[in-house]
Every structure is written in C-alpha cells, then in structure tokens.
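Enquirer: So that we are looking at the same thing, I have put the structure below in structure tokens.
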Amino acid sequence: MVQLSTKIGSLELKNPVMTASGTFGYGTEYADFMDISRLGAIIVKGTTLAPRQGNPYPRMAETPSGMLNAVGLQNKGVDYFVDHIYPEVQKIGTAIIVNVSGSCIDDYVQTASIINTLDGIPAIELNISCPNVKQGGMAFGVNPESAAQVVSAVRKAYDKTLIVKLSPNVTDITEIARAVEGAGADSVSLINTMLGMAIDAEKRRPILSTVTGGMSGPAVKPVALRMVWQTAKAVKIPVIGLGGICSATDAIEFLLAGASAIQIGTANFIDPSISEKVVDGIADYLERHGFNSVQDIIGALQV
Amino acid sequence: MKKFQLDLIVADNRMAGPSATLLTLQYPGELPDMVAGQFAELQVPSAKVLLRRPISIHSIDRKNNLIEFLIQIVGEGTQSLADIKAGEKVNVLLPLGNGFSYRSTHVAKPLLIGGGVGVAPLLFLGQEFAEHGIRPTFLFGGRTEALILRKEEFQKYGDLFMTTEDGSAGEKGFVTNHSLLLDSEHFDRIYACGPTPMLKAVAHWAKEHEIACEVSLEHRMACGIGACLCCVEDTADQGNVCVCKEGPVFEIERLKWFN
C-alpha cells in the first residue's frame, strides 16, 4: 500500500488530488458519478461577501484543446454558504476548502473572518487572480505589492491554512509568489486561467459577453507546468499545481515539477469521474516505480 | 433524478435531413428512467473536440433499451458524432436537467411546437402522451420542407401541422401565424423547443391567450450538471440560473421575456 497523504501548511490531505474552484460546484453535483469522499480536498466555488449575479450569457467558448469562461464569480454570498452549503459539504468526508474572492481588501478580510469561524473548513484559497471581474480579482494578483497587501490583511483575520491562488497573467510569477509568501501565505496554488479571447467571424462579434475571458484546459498545461516548476524553486511554502490536468500522468508531471498537491479543473467537465481516476492512477504509478510515498516524487524531476 | 455515466453502443447512425443525423444508442442493461425534455452529454470521439455535446433525448425504446438523438450538424463536434459507426461506443451522461412537466401537470389537449432541430425532444414527449391515451398536436416550423425533420415518425403519435418560410410545406410563414392558433381554446398547454426568436414569439402568444406554456432552451454549456455556471438564463425569481440544471425546460413565467 503506497502512502498518498500530503501536507499543505498544517493541513493534512489523504491524497494530493483536489478539484479546482468553479469546476466542481460544491462537490455534491458530482456525487452521482464518483465517490467524492475519496478526493484529497474539494475547493468549492468562489465565494464573496455579498451575492453576485456574475456576467451576462454567453460565458463560455470552446477553443482548441481548451475553453474560455467568463462566469464572473456568480455565487450567493458567504452568509448563504454558511447557512445552506456548509451543513451539507461538511458531511462529504474530505477536506473542504473555500475559495474566497472580493472587490476590495475589506471584502476579502470580512469573508475570510466569517469562514474562520467554521470548524469544518480547514483552509481557504484566496483568489487574487480572477480575470472575469471588473474590480478586485486579478488586479490584486498582478502586482507584488497589492498581492502582499491583501494577503497580510487576510492573514491577520484568518488563522487556519491560507492558500493564495496566483494569476499566470504576469511577467514573473515567482515575484508574486515570494511576495505572498512574505505576507504570510501557507501555500500558493497556480495557475488560474490565462486571459484569452474568441471571435465569431461570421457575426463579427466576440463570443463572450465580456469579450475576454479565462482560458483553461490541456492547452495551458505546458505554461502551468513551467510556472509551477519555477515557483517551487522560488518559495519554501508548498505549491499546489493546476492547469490542464486531465490524467494521472499529467498530475504526476506537476508533482515531479515540485507541486505538493494538484487540482483538477476543466477535465471535470469532460469526465465527471476523472478526479477519482487520477487518485488511483497516482497510486498505480508509485507502485509501478517502486515508491512508498507520493512524497518521494514531489520535486523529483531530474534535470 | 439520479444521473449516470454510461458507455452506450451505437446501434445505428443515419442522416435524417440535409444536415442532421439520427444516432441510435443501445445500453446492454436497463436504461434509467428519463423524462421527455431531459438531455444527455455525449462525449465526442475526436481528439480535436474537448467538451461533451449536450443533446436532447429524441426518443426512448424501453423494451430494447435504445435511446435516439436527433443531432443538427453544426460544427466539428456534431460532425464527429454523425461519423460514428455502428458497434462503436459513446460515453454518455444522462439523464440531465429537468424535462417537461407532463408527469406532474394534468393536460388534455397538448400543443407541441418545434422549430428546426428543436423538434427533437417533442417526439419523446409525443410518445409519452400517446402512451397515456392523449393524442398531441404537433406544429412545426422550418425554412423549407426538407428542414422539418422526421415528419412520418411524428405522425404516428399525433396530428402534424407545418409552416415553412418558403411555403414548400404547410402554411407559409411562422408557427405563430398558423391558422391552427386562430382558435386558442383547442389547447390547454404548449410545449415548445426551437430557436430563441421562435420561443419568444410562442411565449408571447401563449401569454396573450392565457395558455400555460413551457419552453426548452438551448445554451452553450460545459459541464451539463450545474457546476461550471456557464449556461445561465436570467430568471424573474432567482436571477441567473443554470439552464443545464434548472432547465432546460422553463415555465415561461420564470423568464424575463415580457418587458
């Protein structure tokens, strides 16, 4: 039996496979297709202080080996989460991590402090990298000073594991990673979506209502891998890798590049039971190569 | 309703119009219960296509565990589905979304209005009515006669009326101009599926004549199960909701189509 457990700050996960925020709902949407309790963690939909209606339709465009989305953080707000979602997701039997977003520092702080009171939520993922909202979101994550500012403010209000989700839409992601590490982050997850665009030539109009949107899927994997590899070398805190992971092999590549855990996003739309298959696939790989623990392959890339 | 991820086997796949294919899939076990108006997410057998394609259930043969999909060929994904050969496997998520309300509302004189490939879910619905001894009326619109799909099949279950924009079949014009609608008392509920402008025209007609009406919407989707929040429709009661989970069938009162 190989050891799959991994640690993100003080948070111990039964395996390194998480589902990415915004691609797995609150987990229960997938319960008909797989045993969701087998996941290392579920990162639930981006949550904000006040309810948000998100962007107008159309919000999605398929692109070669990828997709664009412009959902714009539609959610019913943190109070609704506490009253209606939290009692349900607590029963799932895996770590539930809340992705927290906001339009200003105070929004992030207030939302994080409310979630801090929930015993069943061991961590938050701070989203300073959403490309689909006009205010806040990615604006915080593309500059080391503002990224550090929001992270230190939240750090004061939140005492459990604090993961910060980074944007790839920057010149040097390691600079942002070091800034949030310095501001007290326990971990960084990367990459959020890459800013992209799709056009309907026949209609001479953009496909998305917002013109631009966030690109995800296998097309972004090489970029994500490169950024995870660079970041894992640049910081001491654990790195969580995501971006186009569609199979156990993809996941192992991220672990080898230095990720302590991985997230599956767009692939959930293609195969709703993929995340469970990746858990099994990582165990198979470790056995096949004679490793006792997943820790043996984290950052084990031979260059 | 519990959802399933199943490998179905292609029993038959043939053209059913100038740019539509009729894909028949078989399940080796017993097909799960499904409601007309629900849909499936079909995995596309092409490396060039990433996402599944949401396709409404065209008909069910419960005895032989067959399920039919009537698919308009519009791009690479649907073309790949049209190219699958008998004997091959298709991975399918089903049944998804909420179908037409016929299991919970009493209807005596249903009118089923379809436009283009939007006729697809109305065959399953017509079959369900016929099974309960109700003969539905179908009213279909298309640009030309060739684009009104599977006429003979629909006529097995109900009376079929047509409109075409070029007058090549039925009455010339749009469905909402058909003389059948001159006497609105013929019908106690309308079920419609087709292009949005047609659905809006039908919804306005139904509201004006105080006939209950439900419409099936088609939006760009990714997950099909309410997780990604891409396929939203703005509703009067709950704001943006997922067409894949709350719909695809909506009572027209819920839609913001009347201001």
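Note on naming: chains are A, B, ... as they come in the structure tokens, residues start from 1 per chain, ligands start from 1 in the order shown.
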Give me the residues near Leu94 (chain B) as a PyMOL selection string, where near means some atom within 7 Å (using only C-alpha atoms) and where sequence neighbours in that chain fewer than 3 positions away do not count.
Expert: chain B and resi 3-5+39-41
Enquirer: Write the residues you've just listed into a file as a compact mmCIF listing (two decimals), in the first residue's frame, and include C-alpha atoms for each of them.
Expert:
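Dumped everything to part_0.txt:
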# COMPACT_ATOMS: atom_id res chain seq x y z
CA LYS B 3 -27.58 10.73 -13.17
CA PHE B 4 -25.45 8.08 -14.82
CA GLN B 5 -22.23 7.91 -16.81
CA PHE B 39 -30.87 15.77 -22.23
CA ALA B 40 -27.59 13.89 -22.31
CA GLU B 41 -23.95 14.99 -22.59
Enquirer: If you count only C-alpha atoms, which residues fall within 9 Å of Ile8 (chain A), apart from same-chain ones fewer than 4 positions away, as a short mmCIF file (atom, residue, chain, number, x, y, z; two decimals) with C-alpha atoms, in the first residue's frame?
Expert:
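The result, written out as part_38.cif:
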data_model
loop_
_atom_site.label_atom_id
_atom_site.label_comp_id
_atom_site.auth_asym_id
_atom_site.auth_seq_id
_atom_site.Cartn_x
_atom_site.Cartn_y
_atom_site.Cartn_z
CA GLU A 12 -3.03 17.07 6.09
CA LEU A 13 -4.70 15.67 2.97
CA THR A 161 -4.29 27.27 6.30
CA ILE A 163 -3.60 29.23 0.20
CA ASP A 186 0.90 28.98 3.83
CA SER A 187 0.78 27.85 0.22
CA ILE A 237 5.90 27.06 1.14
CA PRO A 238 4.13 24.18 -0.63
CA VAL A 239 2.96 24.79 -4.18
CA ILE A 240 -0.33 23.40 -5.49
CA SER A 260 2.86 19.12 -3.22
CA ALA A 261 -0.70 18.67 -4.45
#
Enquirer: Would you list, as a PyMOL selection string, the residues of region 121-280 of chain A that end up in strand (DSSP E) under DSSP run on this structure's backbone?
Expert: chain A and resi 123-127+161-165+187-190+194-197+199-200+205-206+212-216+239-241+259-264
Enquirer: Counting only C-alpha atoms, which residue out of B:Arg150, B:Arg62, B:Lys256, B:His219 sits closest to chain A?
Expert: B:His219
Enquirer: Residues near Lys172 (chain B), anyone? I mean within 12 Å using only C-alpha atoms, not counting same-chain ones fewer than 3 positions away, as a PyMOL selection string.
Expert: chain B and resi 140-145+161-169+175-179
Enquirer: Using only C-alpha atoms, find which residues of chain B lie within 12 Å of chain A and jot them down as a PyMOL selection string.
Expert: chain B and resi 1-6+41-54+75-77+91-97+218-235+238-245
Enquirer: DSSP says alpha helix (DSSP H) for which residues of region 78-113 of chain A? Put them as a PyMOL selection string?
Expert: chain A and resi 78-80+86-89+105-113
Enquirer: Using the selection just defined, write its residues with N, CA and C atoms as a PDB file, in the first residue's frame.
Expert:
ATOM      1  N   VAL A  78     -21.353  34.777   1.153  1.00  0.00           N
ATOM      2  CA  VAL A  78     -20.794  33.947   2.229  1.00  0.00           C
ATOM      3  C   VAL A  78     -21.859  33.555   3.256  1.00  0.00           C
ATOM      4  N   ASP A  79     -22.836  34.422   3.523  1.00  0.00           N
ATOM      5  CA  ASP A  79     -23.863  34.062   4.501  1.00  0.00           C
ATOM      6  C   ASP A  79     -24.684  32.874   4.020  1.00  0.00           C
ATOM      7  N   TYR A  80     -25.004  32.876   2.735  1.00  0.00           N
ATOM      8  CA  TYR A  80     -25.735  31.735   2.177  1.00  0.00           C
ATOM      9  C   TYR A  80     -24.891  30.476   2.293  1.00  0.00           C
ATOM     10  N   TYR A  86     -22.595  24.937   3.823  1.00  0.00           N
ATOM     11  CA  TYR A  86     -21.672  24.380   4.821  1.00  0.00           C
ATOM     12  C   TYR A  86     -22.233  23.139   5.522  1.00  0.00           C
ATOM     13  N   PRO A  87     -23.503  23.169   5.996  1.00  0.00           N
ATOM     14  CA  PRO A  87     -24.014  21.971   6.675  1.00  0.00           C
ATOM     15  C   PRO A  87     -23.967  20.727   5.775  1.00  0.00           C
ATOM     16  N   GLU A  88     -24.124  20.923   4.465  1.00  0.00           N
ATOM     17  CA  GLU A  88     -24.136  19.791   3.528  1.00  0.00           C
ATOM     18  C   GLU A  88     -22.720  19.305   3.210  1.00  0.00           C
ATOM     19  N   VAL A  89     -21.825  20.230   2.862  1.00  0.00           N
ATOM     20  CA  VAL A  89     -20.493  19.812   2.407  1.00  0.00           C
ATOM     21  C   VAL A  89     -19.664  19.216   3.545  1.00  0.00           C
ATOM     22  N   ILE A 105      -9.966  44.999  -0.329  1.00  0.00           N
ATOM     23  CA  ILE A 105      -9.304  44.254   0.745  1.00  0.00           C
ATOM     24  C   ILE A 105     -10.280  43.923   1.871  1.00  0.00           C
ATOM     25  N   ASP A 106     -11.122  44.883   2.208  1.00  0.00           N
ATOM     26  CA  ASP A 106     -12.062  44.670   3.299  1.00  0.00           C
ATOM     27  C   ASP A 106     -13.028  43.509   3.018  1.00  0.00           C
ATOM     28  N   ASP A 107     -13.438  43.370   1.740  1.00  0.00           N
ATOM     29  CA  ASP A 107     -14.302  42.235   1.353  1.00  0.00           C
ATOM     30  C   ASP A 107     -13.613  40.915   1.658  1.00  0.00           C
ATOM     31  N   TYR A 108     -12.358  40.808   1.229  1.00  0.00           N
ATOM     32  CA  TYR A 108     -11.598  39.575   1.461  1.00  0.00           C
ATOM     33  C   TYR A 108     -11.497  39.279   2.961  1.00  0.00           C
ATOM     34  N   VAL A 109     -11.174  40.327   3.728  1.00  0.00           N
ATOM     35  CA  VAL A 109     -10.962  40.154   5.170  1.00  0.00           C
ATOM     36  C   VAL A 109     -12.251  39.706   5.851  1.00  0.00           C
ATOM     37  N   GLN A 110     -13.353  40.382   5.520  1.00  0.00           N
ATOM     38  CA  GLN A 110     -14.620  40.028   6.175  1.00  0.00           C
ATOM     39  C   GLN A 110     -15.056  38.611   5.828  1.00  0.00           C
ATOM     40  N   THR A 111     -14.923  38.246   4.540  1.00  0.00           N
ATOM     41  CA  THR A 111     -15.332  36.901   4.124  1.00  0.00           C
ATOM     42  C   THR A 111     -14.455  35.858   4.818  1.00  0.00           C
ATOM     43  N   ALA A 112     -13.142  36.119   4.847  1.00  0.00           N
ATOM     44  CA  ALA A 112     -12.232  35.168   5.481  1.00  0.00           C
ATOM     45  C   ALA A 112     -12.532  35.036   6.968  1.00  0.00           C
ATOM     46  N   SER A 113     -12.859  36.143   7.638  1.00  0.00           N
ATOM     47  CA  SER A 113     -13.135  36.015   9.081  1.00  0.00           C
ATOM     48  C   SER A 113     -14.410  35.232   9.349  1.00  0.00           C
TER      49      SER A 113
END
Enquirer: Have a look at A:Ser189, A:Thr94, A:Asn143, A:Ser167 and name the one nearest to Ser129 (chain A); count only C-alpha atoms.
Expert: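 Answer, going by the shortest atom-to-atom distance: A:Ser167.
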Enquirer: For region 11-18 of chain B, find every residue with an atom within 7 Å (counting only C-alpha atoms), except residues of its own chain fewer than 5 positions away, and show them as an NGL selection string.
Expert: :B and (23-26 or 82 or 85-87 or 146-147 or 149-150)
Enquirer: Take the residues from that selection and put them in a file with N, CA, C and O atoms, as a PDB file, in the first residue's frame.
Expert:
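The resulting file, result_29.pdb, is shown below:
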ATOM      1  N   LEU B  23     -28.889   9.379 -34.342  1.00  0.00           N
ATOM      2  CA  LEU B  23     -27.964   8.466 -33.679  1.00  0.00           C
ATOM      3  C   LEU B  23     -28.736   7.608 -32.684  1.00  0.00           C
ATOM      4  O   LEU B  23     -29.382   8.129 -31.775  1.00  0.00           O
ATOM      5  N   THR B  24     -28.685   6.293 -32.903  1.00  0.00           N
ATOM      6  CA  THR B  24     -29.380   5.372 -32.002  1.00  0.00           C
ATOM      7  C   THR B  24     -28.354   4.619 -31.170  1.00  0.00           C
ATOM      8  O   THR B  24     -27.461   3.971 -31.724  1.00  0.00           O
ATOM      9  N   LEU B  25     -28.481   4.716 -29.860  1.00  0.00           N
ATOM     10  CA  LEU B  25     -27.544   4.053 -28.953  1.00  0.00           C
ATOM     11  C   LEU B  25     -28.277   2.993 -28.139  1.00  0.00           C
ATOM     12  O   LEU B  25     -29.453   3.150 -27.803  1.00  0.00           O
ATOM     13  N   GLN B  26     -27.538   1.940 -27.825  1.00  0.00           N
ATOM     14  CA  GLN B  26     -28.143   0.858 -27.052  1.00  0.00           C
ATOM     15  C   GLN B  26     -27.350   0.636 -25.783  1.00  0.00           C
ATOM     16  O   GLN B  26     -26.116   0.743 -25.781  1.00  0.00           O
ATOM     17  N   ALA B  82     -21.841  12.512 -36.008  1.00  0.00           N
ATOM     18  CA  ALA B  82     -22.523  11.998 -37.203  1.00  0.00           C
ATOM     19  C   ALA B  82     -21.696  10.913 -37.900  1.00  0.00           C
ATOM     20  O   ALA B  82     -22.233  10.090 -38.631  1.00  0.00           O
ATOM     21  N   LYS B  85     -19.662   5.002 -36.235  1.00  0.00           N
ATOM     22  CA  LYS B  85     -20.211   3.816 -36.916  1.00  0.00           C
ATOM     23  C   LYS B  85     -20.878   2.872 -35.915  1.00  0.00           C
ATOM     24  O   LYS B  85     -20.515   2.849 -34.739  1.00  0.00           O
ATOM     25  N   ALA B  86     -21.803   2.089 -36.429  1.00  0.00           N
ATOM     26  CA  ALA B  86     -22.481   1.083 -35.607  1.00  0.00           C
ATOM     27  C   ALA B  86     -21.436   0.190 -34.938  1.00  0.00           C
ATOM     28  O   ALA B  86     -20.420  -0.160 -35.541  1.00  0.00           O
ATOM     29  N   GLY B  87     -21.681  -0.138 -33.679  1.00  0.00           N
ATOM     30  CA  GLY B  87     -20.764  -1.002 -32.943  1.00  0.00           C
ATOM     31  C   GLY B  87     -19.786  -0.232 -32.072  1.00  0.00           C
ATOM     32  O   GLY B  87     -19.246  -0.780 -31.112  1.00  0.00           O
ATOM     33  N   ALA B 146     -37.716  20.442 -46.385  1.00  0.00           N
ATOM     34  CA  ALA B 146     -36.650  19.486 -46.078  1.00  0.00           C
ATOM     35  C   ALA B 146     -36.101  19.661 -44.667  1.00  0.00           C
ATOM     36  O   ALA B 146     -35.523  18.742 -44.097  1.00  0.00           O
ATOM     37  N   LEU B 147     -36.294  20.864 -44.113  1.00  0.00           N
ATOM     38  CA  LEU B 147     -35.744  21.126 -42.785  1.00  0.00           C
ATOM     39  C   LEU B 147     -36.731  20.797 -41.663  1.00  0.00           C
ATOM     40  O   LEU B 147     -36.435  21.004 -40.489  1.00  0.00           O
ATOM     41  N   LEU B 149     -37.936  17.913 -39.805  1.00  0.00           N
ATOM     42  CA  LEU B 149     -37.351  16.577 -39.689  1.00  0.00           C
ATOM     43  C   LEU B 149     -38.342  15.547 -39.156  1.00  0.00           C
ATOM     44  O   LEU B 149     -39.175  15.849 -38.319  1.00  0.00           O
ATOM     45  N   ARG B 150     -38.236  14.319 -39.663  1.00  0.00           N
ATOM     46  CA  ARG B 150     -38.908  13.133 -39.137  1.00  0.00           C
ATOM     47  C   ARG B 150     -40.446  13.251 -39.090  1.00  0.00           C
ATOM     48  O   ARG B 150     -41.096  12.816 -38.125  1.00  0.00           O
TER      49      ARG B 150
END
Enquirer: Which residue gives the smallest distance to Arg288 (chain A) among A:Val170, A:Leu255, A:Val2, A:Met18, with only C-alpha atoms counted?
Expert: A:Val2
Enquirer: Within 10 Å of region 248-250 of chain A, counting only C-alpha atoms, which residues qualify if same-chain residues fewer than 4 places away don't, as an mmCIF file with N, CA, C and O atoms, in the first residue's frame?
Expert:
data_model
loop_
_atom_site.group_PDB
_atom_site.id
_atom_site.type_symbol
_atom_site.label_atom_id
_atom_site.label_comp_id
_atom_site.auth_asym_id
_atom_site.auth_seq_id
_atom_site.Cartn_x
_atom_site.Cartn_y
_atom_site.Cartn_z
ATOM 1 N N VAL A 17 -4.897 14.989 -4.559
ATOM 2 C CA VAL A 17 -5.827 15.352 -5.635
ATOM 3 C C VAL A 17 -6.967 16.218 -5.100
ATOM 4 O O VAL A 17 -7.765 15.782 -4.265
ATOM 5 N N PRO A 218 -6.300 21.529 -21.430
ATOM 6 C CA PRO A 218 -4.987 20.987 -21.774
ATOM 7 C C PRO A 218 -4.070 21.973 -22.490
ATOM 8 O O PRO A 218 -2.847 21.881 -22.366
ATOM 9 N N LYS A 221 -1.536 23.603 -20.185
ATOM 10 C CA LYS A 221 -0.719 22.765 -19.295
ATOM 11 C C LYS A 221 0.781 23.056 -19.365
ATOM 12 O O LYS A 221 1.424 23.180 -18.312
ATOM 13 N N LEU A 225 2.858 24.060 -16.049
ATOM 14 C CA LEU A 225 3.972 23.229 -15.575
ATOM 15 C C LEU A 225 5.226 24.071 -15.377
ATOM 16 O O LEU A 225 5.917 23.966 -14.370
ATOM 17 N N LEU A 242 -1.932 23.413 -10.850
ATOM 18 C CA LEU A 242 -3.115 23.161 -11.668
ATOM 19 C C LEU A 242 -2.981 23.891 -12.990
ATOM 20 O O LEU A 242 -2.222 24.847 -13.113
ATOM 21 N N GLY A 243 -3.729 23.414 -13.945
ATOM 22 C CA GLY A 243 -3.706 23.980 -15.291
ATOM 23 C C GLY A 243 -3.683 22.859 -16.303
ATOM 24 O O GLY A 243 -2.627 22.320 -16.616
ATOM 25 N N GLY A 244 -4.845 22.460 -16.766
ATOM 26 C CA GLY A 244 -4.934 21.485 -17.844
ATOM 27 C C GLY A 244 -4.710 20.033 -17.462
ATOM 28 O O GLY A 244 -4.534 19.192 -18.347
ATOM 29 N N PHE A 254 3.145 17.376 -12.684
ATOM 30 C CA PHE A 254 3.126 18.540 -11.788
ATOM 31 C C PHE A 254 3.819 18.210 -10.458
ATOM 32 O O PHE A 254 4.526 19.057 -9.897
ATOM 33 N N LEU A 255 3.603 16.995 -9.947
ATOM 34 C CA LEU A 255 4.257 16.597 -8.691
ATOM 35 C C LEU A 255 5.769 16.577 -8.891
ATOM 36 O O LEU A 255 6.532 17.093 -8.068
ATOM 37 N N ILE A 262 -2.187 18.726 -6.340
ATOM 38 C CA ILE A 262 -2.627 19.216 -7.647
ATOM 39 C C ILE A 262 -4.145 19.441 -7.626
ATOM 40 O O ILE A 262 -4.845 18.919 -6.764
ATOM 41 N N ILE A 264 -7.675 19.479 -10.203
ATOM 42 C CA ILE A 264 -8.258 19.143 -11.494
ATOM 43 C C ILE A 264 -9.412 20.101 -11.759
ATOM 44 O O ILE A 264 -10.278 20.272 -10.898
ATOM 45 N N ILE A 274 -13.183 11.842 -13.405
ATOM 46 C CA ILE A 274 -11.741 11.860 -13.674
ATOM 47 C C ILE A 274 -10.913 11.996 -12.399
ATOM 48 O O ILE A 274 -9.841 11.390 -12.273
ATOM 49 N N SER A 275 -11.388 12.781 -11.434
ATOM 50 C CA SER A 275 -10.554 13.055 -10.249
ATOM 51 C C SER A 275 -10.322 11.782 -9.440
ATOM 52 O O SER A 275 -9.234 11.573 -8.899
ATOM 53 N N GLU A 276 -11.334 10.928 -9.385
ATOM 54 C CA GLU A 276 -11.170 9.651 -8.683
ATOM 55 C C GLU A 276 -10.176 8.761 -9.448
ATOM 56 O O GLU A 276 -9.341 8.072 -8.847
ATOM 57 N N LYS A 277 -10.253 8.794 -10.773
ATOM 58 C CA LYS A 277 -9.325 8.001 -11.595
ATOM 59 C C LYS A 277 -7.878 8.478 -11.411
ATOM 60 O O LYS A 277 -6.940 7.688 -11.455
ATOM 61 N N VAL A 278 -7.715 9.796 -11.213
ATOM 62 C CA VAL A 278 -6.366 10.336 -11.012
ATOM 63 C C VAL A 278 -5.800 9.861 -9.671
ATOM 64 O O VAL A 278 -4.612 9.521 -9.580
ATOM 65 N N VAL A 279 -6.644 9.798 -8.629
ATOM 66 C CA VAL A 279 -6.184 9.264 -7.330
ATOM 67 C C VAL A 279 -5.639 7.846 -7.527
ATOM 68 O O VAL A 279 -4.518 7.523 -7.105
ATOM 69 N N ASP A 280 -6.414 7.011 -8.195
ATOM 70 C CA ASP A 280 -5.979 5.626 -8.437
ATOM 71 C C ASP A 280 -4.734 5.567 -9.320
ATOM 72 O O ASP A 280 -3.845 4.750 -9.093
ATOM 73 N N GLY A 281 -4.702 6.435 -10.322
ATOM 74 C CA GLY A 281 -3.594 6.433 -11.266
ATOM 75 C C GLY A 281 -2.270 6.827 -10.620
ATOM 76 O O GLY A 281 -1.212 6.302 -10.976
ATOM 77 N N ILE A 282 -2.321 7.748 -9.660
ATOM 78 C CA ILE A 282 -1.096 8.151 -8.954
ATOM 79 C C ILE A 282 -0.593 6.967 -8.118
ATOM 80 O O ILE A 282 0.606 6.651 -8.118
ATOM 81 N N ALA A 283 -1.505 6.284 -7.443
ATOM 82 C CA ALA A 283 -1.119 5.108 -6.636
ATOM 83 C C ALA A 283 -0.486 4.042 -7.527
ATOM 84 O O ALA A 283 0.554 3.459 -7.179
ATOM 85 N N ASP A 284 -1.071 3.803 -8.692
ATOM 86 C CA ASP A 284 -0.526 2.814 -9.641
ATOM 87 C C ASP A 284 0.887 3.183 -10.067
ATOM 88 O O ASP A 284 1.776 2.335 -10.113
ATOM 89 N N TYR A 285 1.080 4.463 -10.378
ATOM 90 C CA TYR A 285 2.395 4.945 -10.816
ATOM 91 C C TYR A 285 3.450 4.698 -9.735
ATOM 92 O O TYR A 285 4.545 4.212 -10.017
#
Enquirer: Env of region 209-211 of chain B: 10 Å cut, atoms = only C-alpha atoms, seq-sep filter 3 positions within chain, self excluded. Answer as a PyMOL selection string.
Expert: chain B and resi 181+183-185+187-190+203-206+214
Enquirer: Which residues come within 9 Å of Leu217 (chain B), counting only C-alpha atoms, excluding same-chain residues fewer than 5 positions away, as a compact mmCIF listing (two decimals) with C-alpha atoms, in the first residue's frame?
Expert:
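Writing the result to result.txt gives the following:
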# COMPACT_ATOMS: atom_id res chain seq x y z
CA CYS B 193 -38.46 23.90 -28.41
CA GLY B 194 -36.54 25.68 -31.14
CA PRO B 195 -34.67 28.89 -31.93
CA THR B 196 -34.98 31.61 -29.28
CA LEU B 199 -39.72 30.51 -28.50
CA GLU B 233 -30.53 32.25 -18.14
CA VAL B 243 -30.09 26.01 -17.99
CA GLY B 247 -33.84 23.83 -17.14
CA PRO B 248 -33.56 23.20 -19.99
CA VAL B 249 -37.37 23.37 -19.70
CA PHE B 250 -38.79 26.51 -18.07
